[in-house]
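> Here you go, data10.cif (mmCIF, C-alpha atoms and all ligand atoms; chains and numbers go by the auth columns):
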data_run
loop_
_atom_site.group_PDB
_atom_site.id
_atom_site.type_symbol
_atom_site.label_atom_id
_atom_site.label_comp_id
_atom_site.label_asym_id
_atom_site.label_seq_id
_atom_site.Cartn_x
_atom_site.Cartn_y
_atom_site.Cartn_z
_atom_site.B_iso_or_equiv
_atom_site.auth_seq_id
_atom_site.auth_asym_id
ATOM 1 C CA MET A 1 188.934 -40.233 109.920 0.00 1 A
ATOM 2 C CA ILE A 2 185.539 -38.611 109.625 0.00 2 A
ATOM 3 C CA VAL A 3 183.728 -40.170 106.641 0.00 3 A
ATOM 4 C CA TYR A 4 181.380 -37.299 105.915 0.00 4 A
ATOM 5 C CA GLY A 5 180.450 -33.942 107.368 0.00 5 A
ATOM 6 C CA THR A 6 181.381 -30.337 106.866 0.00 6 A
ATOM 7 C CA ASN A 7 184.708 -28.551 106.835 0.00 7 A
ATOM 8 C CA TRP A 8 185.947 -25.004 106.482 0.00 8 A
ATOM 9 C CA SER A 9 188.329 -24.189 103.660 0.00 9 A
ATOM 10 C CA ASN A 10 191.683 -22.515 104.279 0.00 10 A
ATOM 11 C CA LYS A 11 191.535 -18.771 104.718 0.00 11 A
ATOM 12 C CA LYS A 12 192.200 -16.773 101.595 0.00 12 A
ATOM 13 C CA ILE A 13 193.468 -13.225 102.014 0.00 13 A
ATOM 14 C CA ILE A 14 192.480 -10.905 99.186 0.00 14 A
ATOM 15 C CA PRO A 15 194.086 -7.440 99.181 0.00 15 A
ATOM 16 C CA THR A 16 191.895 -4.560 97.976 0.00 16 A
ATOM 17 C CA ARG A 17 192.624 -0.940 97.060 0.00 17 A
ATOM 18 C CA GLU A 18 190.160 0.365 99.621 0.00 18 A
ATOM 19 C CA ILE A 19 190.748 3.083 102.150 0.00 19 A
ATOM 20 C CA CYS A 20 190.211 1.941 105.724 0.00 20 A
ATOM 21 C CA PRO A 21 187.043 3.622 107.041 0.00 21 A
ATOM 22 C CA ILE A 22 188.490 3.558 110.551 0.00 22 A
ATOM 23 C CA CYS A 23 192.113 4.747 110.268 0.00 23 A
ATOM 24 C CA GLY A 24 191.932 6.212 106.748 0.00 24 A
ATOM 25 C CA VAL A 25 195.082 4.422 105.467 0.00 25 A
ATOM 26 C CA MET A 26 194.921 3.685 101.716 0.00 26 A
ATOM 27 C CA HIS A 27 195.191 0.180 100.248 0.00 27 A
ATOM 28 C CA SER A 28 195.243 -1.269 103.707 0.00 28 A
ATOM 29 C CA VAL A 29 192.033 -3.267 103.624 0.00 29 A
ATOM 30 C CA SER A 30 192.063 -6.986 102.916 0.00 30 A
ATOM 31 C CA LEU A 31 189.265 -9.478 102.713 0.00 31 A
ATOM 32 C CA ILE A 32 189.508 -12.726 104.585 0.00 32 A
ATOM 33 C CA TYR A 33 187.502 -15.278 102.712 0.00 33 A
ATOM 34 C CA GLN A 34 186.581 -18.780 103.773 0.00 34 A
ATOM 35 C CA TYR A 35 183.811 -21.166 102.841 0.00 35 A
ATOM 36 C CA GLU A 36 182.203 -24.162 104.467 0.00 36 A
ATOM 37 C CA TYR A 37 181.687 -27.276 102.402 0.00 37 A
ATOM 38 C CA ALA A 38 180.097 -30.705 102.699 0.00 38 A
ATOM 39 C CA HIS A 39 182.586 -33.516 102.246 0.00 39 A
ATOM 40 C CA ILE A 40 182.924 -37.271 101.970 0.00 40 A
ATOM 41 C CA TYR A 41 186.310 -38.651 102.982 0.00 41 A
ATOM 42 C CA GLY A 42 187.629 -35.100 102.883 0.00 42 A
ATOM 43 C CA ILE A 43 186.615 -34.564 99.255 0.00 43 A
ATOM 44 C CA SER A 44 184.453 -31.498 98.842 0.00 44 A
ATOM 45 C CA LEU A 45 180.986 -32.308 97.528 0.00 45 A
ATOM 46 C CA PHE A 46 179.600 -28.789 97.305 0.00 46 A
ATOM 47 C CA PRO A 47 180.003 -25.480 99.165 0.00 47 A
ATOM 48 C CA ILE A 48 177.456 -24.523 101.803 0.00 48 A
ATOM 49 C CA LYS A 49 178.181 -20.963 102.869 0.00 49 A
ATOM 50 C CA LYS A 50 180.753 -18.227 102.685 0.00 50 A
ATOM 51 C CA ASP A 51 182.321 -16.239 105.456 0.00 51 A
ATOM 52 C CA ILE A 52 183.847 -12.961 104.351 0.00 52 A
ATOM 53 C CA ARG A 53 185.332 -10.401 106.686 0.00 53 A
ATOM 54 C CA GLY A 54 187.137 -7.160 106.069 0.00 54 A
ATOM 55 C CA TYR A 55 190.369 -6.473 107.924 0.00 55 A
ATOM 56 C CA CYS A 56 192.690 -3.492 108.017 0.00 56 A
ATOM 57 C CA GLN A 57 196.385 -4.321 108.131 0.00 57 A
ATOM 58 C CA ALA A 58 197.199 -0.822 109.349 0.00 58 A
ATOM 59 C CA CYS A 59 194.946 -0.502 112.359 0.00 59 A
ATOM 60 C CA GLU A 60 194.178 -4.234 112.648 0.00 60 A
ATOM 61 C CA GLU A 61 190.458 -3.550 112.990 0.00 61 A
ATOM 62 C CA GLY A 62 187.744 -5.719 111.502 0.00 62 A
ATOM 63 C CA ILE A 63 185.700 -3.966 108.809 0.00 63 A
ATOM 64 C CA ASN A 64 182.169 -4.789 107.688 0.00 64 A
ATOM 65 C CA TYR A 65 182.470 -6.612 104.390 0.00 65 A
ATOM 66 C CA GLN A 66 179.266 -5.034 103.039 0.00 66 A
ATOM 67 C CA SER A 67 180.896 -1.597 103.225 0.00 67 A
ATOM 68 C CA ILE A 68 183.737 -2.700 100.919 0.00 68 A
ATOM 69 C CA LYS A 69 182.468 -2.540 97.375 0.00 69 A
ATOM 70 C CA THR A 70 184.988 -3.032 94.613 0.00 70 A
ATOM 71 C CA ASN A 71 184.956 -5.234 91.515 0.00 71 A
ATOM 72 C CA THR A 72 187.827 -7.305 92.811 0.00 72 A
ATOM 73 C CA THR A 73 186.016 -8.173 95.979 0.00 73 A
ATOM 74 C CA GLN A 74 182.808 -9.235 94.225 0.00 74 A
ATOM 75 C CA HIS A 75 184.790 -11.285 91.772 0.00 75 A
ATOM 76 C CA SER A 76 187.242 -12.978 94.100 0.00 76 A
ATOM 77 C CA VAL A 77 184.788 -14.400 96.561 0.00 77 A
ATOM 78 C CA ARG A 78 183.030 -16.876 94.297 0.00 78 A
ATOM 79 C CA TYR A 79 183.176 -20.532 95.285 0.00 79 A
ATOM 80 C CA PRO A 80 186.106 -22.191 93.526 0.00 80 A
ATOM 81 C CA ILE A 81 185.198 -24.884 90.996 0.00 81 A
ATOM 82 C CA LEU A 82 187.139 -27.416 93.101 0.00 82 A
ATOM 83 C CA SER A 83 184.570 -27.052 95.863 0.00 83 A
ATOM 84 C CA PHE A 84 182.028 -28.716 93.556 0.00 84 A
ATOM 85 C CA VAL A 85 184.328 -31.607 92.596 0.00 85 A
ATOM 86 C CA GLY A 86 182.431 -34.286 94.524 0.00 86 A
ATOM 87 C CA LEU A 87 179.100 -33.273 93.040 0.00 87 A
ATOM 88 C CA ILE A 88 180.610 -33.138 89.553 0.00 88 A
ATOM 89 C CA LEU A 89 182.098 -36.624 89.995 0.00 89 A
ATOM 90 C CA ILE A 90 178.780 -38.018 91.225 0.00 90 A
ATOM 91 C CA VAL A 91 176.869 -36.537 88.271 0.00 91 A
ATOM 92 C CA LEU A 92 179.551 -37.846 85.922 0.00 92 A
ATOM 93 C CA ALA A 93 179.409 -41.347 87.429 0.00 93 A
ATOM 94 C CA ILE A 94 175.608 -41.428 87.147 0.00 94 A
ATOM 95 C CA THR A 95 175.808 -40.286 83.523 0.00 95 A
ATOM 96 C CA VAL A 96 178.395 -42.930 82.641 0.00 96 A
ATOM 97 C CA PHE A 97 176.414 -45.627 84.421 0.00 97 A
ATOM 98 C CA ALA A 98 173.138 -44.591 82.747 0.00 98 A
ATOM 99 C CA SER A 99 174.707 -44.569 79.281 0.00 99 A
ATOM 100 C CA TYR A 100 176.305 -47.935 79.947 0.00 100 A
ATOM 101 C CA ILE A 101 172.881 -49.384 80.867 0.00 101 A
ATOM 102 C CA TYR A 102 171.341 -47.747 77.814 0.00 102 A
ATOM 103 C CA ILE A 103 173.991 -49.082 75.412 0.00 103 A
ATOM 104 C CA ASP A 104 173.824 -52.544 76.980 0.00 104 A
ATOM 105 C CA LYS A 105 170.032 -52.619 76.606 0.00 105 A
ATOM 106 C CA LYS A 106 170.263 -51.466 73.008 0.00 106 A
ATOM 107 C CA GLN A 107 172.879 -54.105 72.155 0.00 107 A
ATOM 108 C CA THR A 108 170.860 -56.855 73.841 0.00 108 A
ATOM 109 C CA ARG A 109 167.815 -55.817 71.843 0.00 109 A
ATOM 110 C CA GLU A 110 169.688 -55.700 68.548 0.00 110 A
ATOM 111 C CA LEU A 111 171.204 -59.142 69.146 0.00 111 A
ATOM 112 C CA SER A 112 167.811 -60.554 70.108 0.00 112 A
ATOM 113 C CA ILE A 113 166.209 -59.156 66.930 0.00 113 A
ATOM 114 C CA GLN A 114 169.012 -60.685 64.896 0.00 114 A
ATOM 115 C CA CYS A 115 168.540 -64.089 66.579 0.00 115 A
ATOM 116 C CA ILE A 116 164.765 -64.064 66.042 0.00 116 A
ATOM 117 C CA ASN A 117 165.264 -63.108 62.406 0.00 117 A
ATOM 118 C CA THR A 118 167.607 -66.024 61.758 0.00 118 A
ATOM 119 C CA PRO A 119 166.592 -68.643 64.340 0.00 119 A
ATOM 120 C CA GLU A 120 168.904 -71.549 65.076 0.00 120 A
ATOM 121 C CA VAL A 121 168.341 -74.738 67.012 0.00 121 A
ATOM 122 C CA GLY A 122 169.813 -74.285 70.478 0.00 122 A
ATOM 123 C CA ASP A 123 168.997 -70.568 70.842 0.00 123 A
ATOM 124 C CA ILE A 124 168.090 -69.875 74.459 0.00 124 A
ATOM 125 C CA TYR A 125 165.297 -67.404 75.192 0.00 125 A
ATOM 126 C CA GLU A 126 165.071 -65.650 78.544 0.00 126 A
ATOM 127 C CA VAL A 127 161.372 -65.218 79.232 0.00 127 A
ATOM 128 C CA LYS A 128 159.215 -63.387 81.752 0.00 128 A
ATOM 129 C CA PHE A 129 156.180 -65.640 82.324 0.00 129 A
ATOM 130 C CA SER A 130 154.641 -63.413 84.994 0.00 130 A
ATOM 131 C CA GLU A 131 155.654 -60.746 87.531 0.00 131 A
ATOM 132 C CA LYS A 132 157.465 -63.261 89.699 0.00 132 A
ATOM 133 C CA GLU A 133 158.252 -66.031 87.239 0.00 133 A
ATOM 134 C CA TYR A 134 161.202 -66.027 84.901 0.00 134 A
ATOM 135 C CA GLY A 135 162.575 -68.936 82.944 0.00 135 A
ATOM 136 C CA LEU A 136 164.183 -70.233 79.779 0.00 136 A
ATOM 137 C CA MET A 137 162.946 -71.583 76.455 0.00 137 A
ATOM 138 C CA ARG A 138 165.083 -73.340 73.882 0.00 138 A
ATOM 139 C CA ILE A 139 164.628 -73.825 70.138 0.00 139 A
ATOM 140 C CA SER A 140 164.542 -77.578 69.548 0.00 140 A
ATOM 141 C CA ASP A 141 163.590 -77.591 65.880 0.00 141 A
ATOM 142 C CA ILE A 142 162.596 -75.332 62.992 0.00 142 A
ATOM 143 C CA LYS A 143 159.993 -76.556 60.506 0.00 143 A
ATOM 144 C CA GLY A 144 159.178 -74.062 57.784 0.00 144 A
ATOM 145 C CA ASP A 145 157.664 -71.045 59.526 0.00 145 A
ATOM 146 C CA SER A 146 157.251 -72.866 62.824 0.00 146 A
ATOM 147 C CA ILE A 147 159.847 -72.433 65.463 0.00 147 A
ATOM 148 C CA LEU A 148 159.525 -75.243 68.000 0.00 148 A
ATOM 149 C CA MET A 149 160.525 -74.451 71.534 0.00 149 A
ATOM 150 C CA GLN A 150 160.954 -76.385 74.746 0.00 150 A
ATOM 151 C CA LEU A 151 160.255 -74.998 78.173 0.00 151 A
ATOM 152 C CA GLY A 152 162.991 -75.022 80.784 0.00 152 A
ATOM 153 C CA GLU A 153 162.246 -77.216 83.803 0.00 153 A
ATOM 154 C CA TYR A 154 163.155 -74.532 86.325 0.00 154 A
ATOM 155 C CA VAL A 155 161.860 -71.049 86.992 0.00 155 A
ATOM 156 C CA THR A 156 163.090 -68.241 89.206 0.00 156 A
ATOM 157 C CA ASP A 157 161.205 -65.411 90.891 0.00 157 A
ATOM 158 C CA ARG A 158 163.716 -62.720 90.032 0.00 158 A
ATOM 159 C CA ILE A 159 165.071 -61.511 86.711 0.00 159 A
ATOM 160 C CA THR A 160 168.583 -61.698 88.165 0.00 160 A
ATOM 161 C CA GLY A 161 168.051 -65.438 88.726 0.00 161 A
ATOM 162 C CA LEU A 162 168.081 -66.032 84.957 0.00 162 A
ATOM 163 C CA LYS A 163 171.848 -65.908 84.903 0.00 163 A
ATOM 164 C CA GLU A 164 171.969 -68.850 87.291 0.00 164 A
ATOM 165 C CA LEU A 165 169.422 -70.788 85.216 0.00 165 A
ATOM 166 C CA LYS A 166 171.450 -70.151 82.065 0.00 166 A
ATOM 167 C CA ASN A 167 174.815 -71.106 83.483 0.00 167 A
ATOM 168 C CA GLY A 168 174.038 -73.331 86.450 0.00 168 A
ATOM 169 C CA GLU A 169 173.948 -77.092 86.683 0.00 169 A
ATOM 170 C CA TYR A 170 170.372 -77.327 85.351 0.00 170 A
ATOM 171 C CA LYS A 171 171.026 -75.285 82.216 0.00 171 A
ATOM 172 C CA ASP A 172 170.321 -78.262 79.904 0.00 172 A
ATOM 173 C CA ARG A 173 167.123 -79.370 81.647 0.00 173 A
ATOM 174 C CA PHE A 174 164.174 -78.793 79.278 0.00 174 A
ATOM 175 C CA TYR A 175 160.836 -80.577 78.953 0.00 175 A
ATOM 176 C CA ASP A 176 160.423 -82.776 75.850 0.00 176 A
ATOM 177 C CA GLU A 177 157.103 -81.181 74.926 0.00 177 A
ATOM 178 C CA THR A 178 157.401 -78.415 72.312 0.00 178 A
ATOM 179 C CA PHE A 179 155.442 -75.241 71.584 0.00 179 A
ATOM 180 C CA SER A 180 155.264 -73.753 68.126 0.00 180 A
ATOM 181 C CA TYR A 181 155.845 -70.050 67.418 0.00 181 A
ATOM 182 C CA THR A 182 156.151 -67.905 64.336 0.00 182 A
ATOM 183 C CA LYS A 183 158.759 -65.162 64.003 0.00 183 A
ATOM 184 C CA ASP A 184 155.976 -62.567 64.256 0.00 184 A
ATOM 185 C CA GLU A 185 154.839 -64.020 67.559 0.00 185 A
ATOM 186 C CA LEU A 186 158.397 -63.970 68.877 0.00 186 A
ATOM 187 C CA PHE A 187 158.890 -60.363 67.759 0.00 187 A
ATOM 188 C CA SER A 188 155.630 -59.378 69.392 0.00 188 A
ATOM 189 C CA ASN A 189 156.780 -61.028 72.635 0.00 189 A
ATOM 190 C CA LEU A 190 160.089 -59.179 72.415 0.00 190 A
ATOM 191 C CA GLU A 191 158.193 -55.931 71.882 0.00 191 A
ATOM 192 C CA GLN A 192 156.093 -56.607 74.991 0.00 192 A
ATOM 193 C CA GLU A 193 159.256 -57.490 76.919 0.00 193 A
ATOM 194 C CA VAL A 194 158.004 -61.012 77.578 0.00 194 A
ATOM 195 C CA ILE A 195 161.165 -62.116 75.815 0.00 195 A
ATOM 196 C CA ILE A 196 163.969 -60.396 77.711 0.00 196 A
ATOM 197 C CA ARG A 197 166.955 -61.622 75.769 0.00 197 A
ATOM 198 C CA VAL A 198 167.945 -64.245 73.208 0.00 198 A
ATOM 199 C CA ASN A 199 171.259 -66.042 73.657 0.00 199 A
ATOM 200 C CA ARG A 200 173.130 -67.913 70.980 0.00 200 A
ATOM 201 C CA LYS A 201 176.138 -70.093 71.602 0.00 201 A
ATOM 202 C CA THR A 202 179.028 -68.629 69.671 0.00 202 A
ATOM 203 C CA GLN A 203 181.352 -71.119 68.062 0.00 203 A
HETATM 204 ZN ZN ZN B . 192.562 0.820 109.430 0.00 1 B
#
Give the structure from the file, written as structure tokens.
Ligand SMILES: [Zn+2]


Amino acid sequence: MIVYGTNWSNKKIIPTREICPICGVMHSVSLIYQYEYAHIYGISLFPIKKDIRGYCQACEEGINYQSIKTNTTQHSVRYPILSFVGLILIVLAITVFASYIYIDKKQTRELSIQCINTPEVGDIYEVKFSEKEYGLMRISDIKGDSILMQLGEYVTDRITGLKELKNGEYKDRFYDETFSYTKDELFSNLEQEVIIRVNRKTQ
């Protein structure tokens, strides 16, 4: 099976009420309409071009399409909506994907704000230390306005590596040394996207 390429649609025969300019028989002229479309796995992405020919059923001669001018003909030879189905599906998929990303980002942010507002010992912060350095920080203690955090022992060079750090075998490896932060400092880091996400263990 050809994965992608172009195809021609089936021929559509559209009768008109025209008089044949060659033999003069009334209502004998039909249009033969066909369009070429780009496809993937046989599903039409979008139409490329039309091919319209006039044809007389009485004298069986071909007739120049441009010479046939009726409302029906102009109307009937539009591309069918189905010929755009692939394109429509692609746009739809992109829209769904983009809104999913957007909603996910919004939820992550809201949860992170909530966690910073009511910090708890054990909260895990996903942090971007530099362009190619991502790691974890963990709340070890809270003393008044000071939130004490430990630095994770391991870093990764990609944001996608954080998942492994969080769930992998070294997820509980943090240095003993602590750093003190205020809520304002944490919020400011969240704002600047230094803090990517805050995770809290749900009971
Ligand atoms: Zn004719």

> With a cut-off of 7 Å, could you pull out the residues of chain A touching ligand ZN 1 (chain B) and give me the nearest pair of atoms for each, distance in Å to one decimal, using only C-alpha atoms and all ligand atoms, ordered by chain and ascending number, as a Markdown table?


| residue | atom | partner | partner_atom | distance |
| --- | --- | --- | --- | --- |
| A:Cys20 | CA | B:ZN1 | ZN | 4.5 |
| A:Pro21 | CA | B:ZN1 | ZN | 6.6 |
| A:Ile22 | CA | B:ZN1 | ZN | 5.0 |
| A:Cys23 | CA | B:ZN1 | ZN | 4.0 |
| A:Gly24 | CA | B:ZN1 | ZN | 6.1 |
| A:Val25 | CA | B:ZN1 | ZN | 5.9 |
| A:Ser28 | CA | B:ZN1 | ZN | 6.7 |
| A:Cys56 | CA | B:ZN1 | ZN | 4.5 |
| A:Gln57 | CA | B:ZN1 | ZN | 6.5 |
| A:Ala58 | CA | B:ZN1 | ZN | 4.9 |
| A:Cys59 | CA | B:ZN1 | ZN | 4.0 |
| A:Glu60 | CA | B:ZN1 | ZN | 6.2 |
| A:Glu61 | CA | B:ZN1 | ZN | 6.0 |

> Step by step, work through what the PyMOL selection byres (((chain A and resi 181) around 12) and not hetatm) selects in the shown file, and finish by giving those residues as a list in words.

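Checking the PyMOL selection byres (((chain A and resi 181) around 12) and not hetatm) against this file, the residues are Ile116, Pro119, Met137, Arg138, Ile139, Ser140, Asp141, Ile142, Lys143, Gly144, Asp145, Ser146, Ile147, Leu148, Met149, Gln150, Thr178, Phe179, Ser180, Thr182, Lys183, Asp184, Glu185, Leu186, Phe187, Ser188 and Asn189 of chain A.
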
> Find the residues near Ile90 (chain A): any atom within 12 Å, counting all atoms listed in the file, skip ones fewer than 3 places away on the same chain, and give them as a PyMOL selection string.

chain A and resi 40+43-46+84-87+93-97

> Rounded to one decimal place, report the CA of Ser30 (chain A)-CA of Tyr65 (chain A) distance in Å.

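Interatomic distance here is 9.7 Å.
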
> Quick one: pull the distance between CA of Gly5 (chain A) and CA of Ala38 (chain A), Å, one decimal.

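Between CA of Gly5 (chain A) and CA of Ala38 (chain A) the gap works out to 5.7 Å.
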
> Measuring between all atoms listed in the file, which one of A:Ile48, A:Ile103, A:Val29, A:Ile195 shows the shortest distance to Thr6 (chain A)?

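Result for the nearest residue to Thr6 (chain A): A:Ile48.
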
> Looking at A:Lys50, A:Gln114, A:Glu18, A:Gln192, which one is nearest to Ile63 (chain A), with distances taken over only C-alpha atoms?

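Nearest candidate to Ile63 (chain A) out of A:Lys50, A:Gln114, A:Glu18, A:Gln192: A:Glu18.
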